[in-house]
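**Q** One structure, pasted below without further comment.
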Amino acid sequence: MLLNARIRFHSAVAVTACAVLATGCGGKAQSAAPAGSGRVTVSYAEPRDDGADERPFLRKHRLPERVADDLNRTVRLPEPIRIVSRTCDGDSDYPEYDDEQGRIVLCYDYVDEVRAMFKAARDEDPDGRTAGVITESLYHEAAHALADKLQLPFTGHEEDVADQFAAYRMIPRGAQGRDGLLAAADNYAQSAAGDEDEEDFDPSDEHAPDAVRAANYRCYLYGSRPKEADRLIDGTLLTDERARGCGEEYRALRRGWDKLLAPHAR
Ligand SMILES: [Zn+2]
């Protein structure tokens, strides 16, 4: 696996001792919605060692809670989906949806890694930008969860559709949502810049390359608000030529997700 690539998984990689329940790791269930079938709930496991700063950060910004609240307001679910924040063991710190457990796992170390990338890039607001990336990551994984629980039918790569879901939920949220999605695009661009070695390109990866994901988010943002051309069309990730079709790309993803969720709307 590439060190800085923001690769997300949508299936369980490994089940650890903490995986049985958040409470098994000292976590206390803290629901953003009443527990029970058909709701999205949030819990935090007790962090170990270097994850100690990340739990208060996530709680302060209510990042998992806000995603859970949005989904609970929007979608009827046949079964619960849990968003579990915890210290992760094993190979990957990247967010994932574990379809066997019906849970989205957010690792404290991942939050720390994202912040470190913004700090290394001398970003003016590493905390705010990190919050944007984490929100996008949670929506991306939520799309995998919805695809699983609702048996959503689509053609094309689920990874691309999951990115589109993040845009679908975040762009209408005003400046905070739009800035958050642009932070995610910038973080993908940072990852792509760190992977310039051609050996890092993996044609078997089901995710689009990071630079493509960054370009897509810029395109959706521009398509939804062309007057932001100055900050979105950079001539590299988003070119004038691509930008001409972005209005339709954005409308198409809205139509697609509207239709996918309509039978399950709350
Ligand atoms: Zn994914």
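The chains in the structure tokens are called A, B, ... from first to last as shown; in each chain the residues are counted from 1, and the ligands are counted from 1 in the order shown.
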Excluding same-chain residues fewer than 4 positions from Thr236 of chain A, what lies within 10 Å of it counting only C-alpha atoms, as a list of chain:residue names?
**A**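 In the requested format, the answer is A:Ala211, A:Ala215, A:Asp240.
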**Q** Can you pull out the residues contacting Cys246 of chain A? Cut-off 7 Å, using only C-alpha atoms, and skip same-chain residues under 2 positions away; I want them as an mmCIF file with C-alpha atoms, in the first residue's frame.
**A**
```cif
data_model
loop_
_atom_site.group_PDB
_atom_site.id
_atom_site.type_symbol
_atom_site.label_atom_id
_atom_site.label_comp_id
_atom_site.auth_asym_id
_atom_site.auth_seq_id
_atom_site.Cartn_x
_atom_site.Cartn_y
_atom_site.Cartn_z
ATOM 1 C CA CYS A 219 -15.550 19.878 -11.269
ATOM 2 C CA TYR A 220 -18.651 19.219 -9.148
ATOM 3 C CA TYR A 222 -17.587 24.455 -10.185
ATOM 4 C CA GLY A 223 -20.602 22.855 -11.861
ATOM 5 C CA ARG A 242 -13.404 19.966 -18.592
ATOM 6 C CA ALA A 243 -15.162 22.786 -16.777
ATOM 7 C CA ARG A 244 -17.566 23.300 -19.667
ATOM 8 C CA GLU A 248 -24.104 18.683 -16.390
ATOM 9 C CA GLU A 249 -21.799 16.360 -14.408
ATOM 10 C CA TYR A 250 -23.080 17.890 -11.200
#
```
**Q** Considering only alpha helix (DSSP H) as DSSP defines it on the backbone, what residues of segment 51-117 of chain A qualify? List them as a compact mmCIF listing (two decimals) with C-alpha atoms, in the first residue's frame.
**A**
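For reference, states-v1.txt as written:
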```txt
# COMPACT_ATOMS: atom_id res chain seq x y z
CA GLU A 54 -8.30 13.06 18.03
CA ARG A 55 -11.32 11.96 20.01
CA PRO A 56 -11.93 15.43 21.49
CA PHE A 57 -11.34 16.93 18.06
CA LEU A 58 -13.98 14.73 16.45
CA ARG A 59 -16.39 15.35 19.32
CA LYS A 60 -15.86 19.10 19.35
CA HIS A 61 -16.64 19.38 15.66
CA LEU A 63 -18.07 15.22 12.61
CA PRO A 64 -19.52 11.69 12.87
CA GLU A 65 -22.63 13.01 14.63
CA ARG A 66 -23.43 15.49 11.88
CA VAL A 67 -23.14 12.87 9.18
CA ALA A 68 -25.29 10.50 11.24
CA ASP A 69 -27.91 13.22 11.85
CA ASP A 70 -28.04 14.03 8.15
CA LEU A 71 -28.51 10.39 7.16
CA ASN A 72 -31.12 9.83 9.88
CA ARG A 73 -33.10 12.81 8.65
CA THR A 74 -32.86 11.71 5.04
CA TYR A 108 -7.87 8.24 15.12
CA ASP A 109 -4.50 7.92 13.39
CA TYR A 110 -6.06 8.78 10.06
CA VAL A 111 -7.32 12.09 11.46
CA ASP A 112 -3.82 12.80 12.69
CA GLU A 113 -2.30 11.92 9.29
CA VAL A 114 -4.62 14.25 7.41
CA ARG A 115 -3.85 17.12 9.77
CA ALA A 116 -0.12 16.44 9.42
CA MET A 117 -0.41 16.73 5.64
```
**Q** As an exercise, work out the distance from atom CA of Leu106 of chain A to atom CA of Gly174 of chain A in Å and give it to one decimal place.
**A**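 Taking atom CA of Leu106 of chain A and atom CA of Gly174 of chain A, their separation equals 24.7 Å.
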**Q** Kindly give the distance, in Å, that separates atom CA of Arg231 of chain A and atom CA of His157 of chain A, rounded to a single decimal.
**A**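 We find that atom CA of Arg231 of chain A and atom CA of His157 of chain A lie 28.4 Å from each other.
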**Q** What is the atom CA of Ala214 of chain A-atom CA of Leu182 of chain A distance in Å, reported with one decimal?
**A**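 These atoms are spaced 8.3 Å apart.
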